[in-house]
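See structure below.
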Amino acid sequence: MAVRRTAISDLPPQRLGETAVIVCPAFSENGGSVFEAHLLVSDFLLNETKMQDHPLTPLTDPDLRCAQRAQADWLVRHIDFRTVDKGAGAIAAALPQTPSMVIVDAVRDEDLSQISIATRGPKAPRRHRR
């Protein structure tokens, strides 16, 4: 019997009550960035790292659009770095109005901050500062 993995990306945005699901696996502390919808780790495309041969989730294609299209039944969109570099307003304006997965480029911590601001809504968790 086959076992199907379920991840948050398996749920349609409508079921989550959203019009878009943001995909941005950038994390600068680990050298991760997303540029032109490609995942890089320490300036190497992900498929050029040991992750290419991962026993559970081999990553042979660094293009996140391809990976997400293979996992999702809805549109996959991309917000490029030129838009992200213009700030939260530009990112918010670029978000689709139709249910979509949206891959957002991020190469700096500031990009992640701007994405957070652009996507913050009434349901979004807020950071509490002490």
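Here's how to read the names in the structure tokens: chain A, B, ... by the order shown, residue numbers from 1 in each chain, ligand numbers from 1 in the order shown.
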
Would you pick out the contacts of Leu59 in chain A at 7 Å or less, using only C-alpha atoms, so that residues sharing its chain but fewer than 5 positions from it are not included, and give the list as a PyMOL selection string?
chain A and resi 47+51-52

Near-Ser100 in chain A list (8 Å; only C-alpha atoms; drop same-chain fewer than 4 positions) as a PyMOL selection string:
chain A and resi 13+19-21+74-77+96

Residues just named, written with C-alpha atoms as a CSV table (one decimal), in the first residue's frame:
```csv
chain,number,residue,atom,x,y,z
A,13,PRO,CA,-5.2,28.1,-0.5
A,19,THR,CA,-5.7,33.6,-1.9
A,20,ALA,CA,-2.0,32.8,-1.9
A,21,VAL,CA,0.5,30.5,-0.2
A,74,TRP,CA,-3.1,25.1,-8.6
A,75,LEU,CA,-1.1,27.8,-10.2
A,76,VAL,CA,2.5,28.5,-9.3
A,77,ARG,CA,3.5,32.1,-9.6
A,96,PRO,CA,-2.1,37.3,-7.3
```

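For the set A:Ile91, A:Leu45, A:Val84, A:Cys66, the residue with the smallest atom-to-atom gap to Glu110 in chain A is A:Val84, counting only C-alpha atoms.
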
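The space between CA of Gln68 in chain A and CA of Leu112 in chain A spans 19.9 Å.
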
From a DSSP calculation on the backbone, collect every residue of chain A in helix (DSSP H, G or I) and output the set as a PyMOL selection string.
chain A and resi 8-10+13-16+28-30+46-48+50-53+64-71+81-84+88-94+109-119

Quick one: residues within 9 Å of Val34 in chain A, only C-alpha atoms, excluding same-chain residues fewer than 5 positions away - as a list of chain:residue names?
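Everything that qualifies: A:Cys24, A:Pro25, A:Ala26, A:Leu39, A:Leu40, A:Val41, A:Leu64, A:Phe81, A:Ile103, A:Val104, A:Asp105, A:Ala106, A:Val107.
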
Between A:Ile79, A:Ala37, A:Ala88, A:Leu95, which residue has the minimum interatomic distance to Asp63 in chain A, considering only C-alpha atoms?
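Using only C-alpha atoms, Asp63 in chain A sits closest to A:Ala37.
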
Determine which residues of chain A DSSP labels as strand (DSSP E or B) from the backbone of this structure, then write them out as a ChimeraX atom specification.
/A:20-23,27,32-35,38-41,44-45,63,75-79,100-104,106

Output of the above residues as an mmCIF file, in the first residue's frame, restricted to N, CA, C and O atoms:
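Resulting contents of result28.cif:
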```cif
data_model
loop_
_atom_site.group_PDB
_atom_site.id
_atom_site.type_symbol
_atom_site.label_atom_id
_atom_site.label_comp_id
_atom_site.auth_asym_id
_atom_site.auth_seq_id
_atom_site.Cartn_x
_atom_site.Cartn_y
_atom_site.Cartn_z
ATOM 1 N N ALA A 20 -3.371 33.144 -1.513
ATOM 2 C CA ALA A 20 -2.010 32.802 -1.933
ATOM 3 C C ALA A 20 -1.284 32.090 -0.802
ATOM 4 O O ALA A 20 -1.513 32.372 0.368
ATOM 5 N N VAL A 21 -0.417 31.167 -1.174
ATOM 6 C CA VAL A 21 0.479 30.513 -0.233
ATOM 7 C C VAL A 21 1.884 30.917 -0.647
ATOM 8 O O VAL A 21 2.294 30.678 -1.784
ATOM 9 N N ILE A 22 2.609 31.566 0.250
ATOM 10 C CA ILE A 22 3.957 32.047 -0.047
ATOM 11 C C ILE A 22 4.952 30.912 0.170
ATOM 12 O O ILE A 22 4.926 30.230 1.201
ATOM 13 N N VAL A 23 5.843 30.729 -0.800
ATOM 14 C CA VAL A 23 6.919 29.747 -0.704
ATOM 15 C C VAL A 23 8.232 30.507 -0.813
ATOM 16 O O VAL A 23 8.519 31.115 -1.848
ATOM 17 N N PHE A 27 16.985 31.194 4.027
ATOM 18 C CA PHE A 27 17.374 31.313 5.431
ATOM 19 C C PHE A 27 18.848 31.648 5.454
ATOM 20 O O PHE A 27 19.699 30.781 5.262
ATOM 21 N N GLY A 32 21.071 29.967 2.775
ATOM 22 C CA GLY A 32 20.013 29.719 1.802
ATOM 23 C C GLY A 32 19.426 31.003 1.244
ATOM 24 O O GLY A 32 19.195 31.961 1.969
ATOM 25 N N SER A 33 19.215 31.021 -0.064
ATOM 26 C CA SER A 33 18.567 32.155 -0.715
ATOM 27 C C SER A 33 17.754 31.640 -1.896
ATOM 28 O O SER A 33 17.942 30.522 -2.359
ATOM 29 N N VAL A 34 16.818 32.494 -2.346
ATOM 30 C CA VAL A 34 16.000 32.171 -3.508
ATOM 31 C C VAL A 34 16.200 33.305 -4.502
ATOM 32 O O VAL A 34 15.992 34.476 -4.170
ATOM 33 N N PHE A 35 16.633 32.959 -5.701
ATOM 34 C CA PHE A 35 16.843 33.950 -6.751
ATOM 35 C C PHE A 35 16.349 33.378 -8.061
ATOM 36 O O PHE A 35 16.719 32.259 -8.430
ATOM 37 N N HIS A 38 14.990 29.962 -7.947
ATOM 38 C CA HIS A 38 15.910 28.852 -7.750
ATOM 39 C C HIS A 38 16.461 28.901 -6.330
ATOM 40 O O HIS A 38 16.830 29.970 -5.840
ATOM 41 N N LEU A 39 16.514 27.751 -5.687
ATOM 42 C CA LEU A 39 17.030 27.655 -4.331
ATOM 43 C C LEU A 39 18.533 27.451 -4.364
ATOM 44 O O LEU A 39 19.035 26.541 -5.035
ATOM 45 N N LEU A 40 19.223 28.337 -3.666
ATOM 46 C CA LEU A 40 20.678 28.266 -3.576
ATOM 47 C C LEU A 40 21.089 28.080 -2.123
ATOM 48 O O LEU A 40 20.449 28.608 -1.209
ATOM 49 N N VAL A 41 22.169 27.354 -1.920
ATOM 50 C CA VAL A 41 22.756 27.187 -0.598
ATOM 51 C C VAL A 41 24.229 27.537 -0.727
ATOM 52 O O VAL A 41 24.960 26.903 -1.493
ATOM 53 N N PHE A 44 25.511 27.906 -4.220
ATOM 54 C CA PHE A 44 25.407 26.732 -5.092
ATOM 55 C C PHE A 44 23.939 26.414 -5.302
ATOM 56 O O PHE A 44 23.139 26.468 -4.359
ATOM 57 N N LEU A 45 23.573 26.072 -6.526
ATOM 58 C CA LEU A 45 22.223 25.583 -6.755
ATOM 59 C C LEU A 45 22.010 24.339 -5.901
ATOM 60 O O LEU A 45 22.928 23.527 -5.736
ATOM 61 N N ASP A 63 14.864 24.583 -9.495
ATOM 62 C CA ASP A 63 13.783 25.518 -9.801
ATOM 63 C C ASP A 63 12.567 25.161 -8.950
ATOM 64 O O ASP A 63 11.928 24.131 -9.155
ATOM 65 N N LEU A 75 -2.151 27.023 -9.579
ATOM 66 C CA LEU A 75 -1.123 27.821 -10.238
ATOM 67 C C LEU A 75 0.077 28.073 -9.345
ATOM 68 O O LEU A 75 -0.068 28.259 -8.136
ATOM 69 N N VAL A 76 1.246 28.106 -9.957
ATOM 70 C CA VAL A 76 2.472 28.478 -9.259
ATOM 71 C C VAL A 76 2.954 29.768 -9.896
ATOM 72 O O VAL A 76 3.166 29.834 -11.111
ATOM 73 N N ARG A 77 3.087 30.796 -9.088
ATOM 74 C CA ARG A 77 3.530 32.111 -9.561
ATOM 75 C C ARG A 77 4.879 32.437 -8.956
ATOM 76 O O ARG A 77 5.328 31.774 -8.024
ATOM 77 N N HIS A 78 5.488 33.508 -9.458
ATOM 78 C CA HIS A 78 6.821 33.911 -8.997
ATOM 79 C C HIS A 78 6.879 35.424 -8.869
ATOM 80 O O HIS A 78 6.455 36.144 -9.774
ATOM 81 N N ILE A 79 7.385 35.907 -7.738
ATOM 82 C CA ILE A 79 7.664 37.330 -7.564
ATOM 83 C C ILE A 79 9.178 37.460 -7.547
ATOM 84 O O ILE A 79 9.848 36.928 -6.663
ATOM 85 N N SER A 100 -3.145 30.712 -5.565
ATOM 86 C CA SER A 100 -1.854 30.373 -6.165
ATOM 87 C C SER A 100 -0.825 30.094 -5.090
ATOM 88 O O SER A 100 -0.923 30.595 -3.979
ATOM 89 N N MET A 101 0.170 29.313 -5.468
ATOM 90 C CA MET A 101 1.400 29.225 -4.682
ATOM 91 C C MET A 101 2.319 30.283 -5.265
ATOM 92 O O MET A 101 2.453 30.375 -6.481
ATOM 93 N N VAL A 102 2.955 31.066 -4.415
ATOM 94 C CA VAL A 102 3.776 32.170 -4.891
ATOM 95 C C VAL A 102 5.193 32.006 -4.355
ATOM 96 O O VAL A 102 5.426 32.093 -3.151
ATOM 97 N N ILE A 103 6.119 31.761 -5.261
ATOM 98 C CA ILE A 103 7.527 31.674 -4.897
ATOM 99 C C ILE A 103 8.083 33.086 -4.939
ATOM 100 O O ILE A 103 7.959 33.784 -5.947
ATOM 101 N N VAL A 104 8.684 33.517 -3.831
ATOM 102 C CA VAL A 104 9.175 34.881 -3.717
ATOM 103 C C VAL A 104 10.687 34.840 -3.535
ATOM 104 O O VAL A 104 11.192 34.150 -2.655
ATOM 105 N N ALA A 106 14.323 35.908 -2.352
ATOM 106 C CA ALA A 106 14.880 36.571 -1.177
ATOM 107 C C ALA A 106 16.354 36.215 -1.082
ATOM 108 O O ALA A 106 16.703 35.037 -1.011
#
```

Any idea what the distance is between CA of Arg120 in chain A and CA of Thr83 in chain A?
17.2 Å

Residue nearest Asp80 in chain A - candidates A:Leu46, A:Ala94, A:Asp53, A:Ala118, atoms counted: only C-alpha atoms
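Comparing A:Leu46, A:Ala94, A:Asp53, A:Ala118 against Asp80 in chain A, the winner is A:Ala94.
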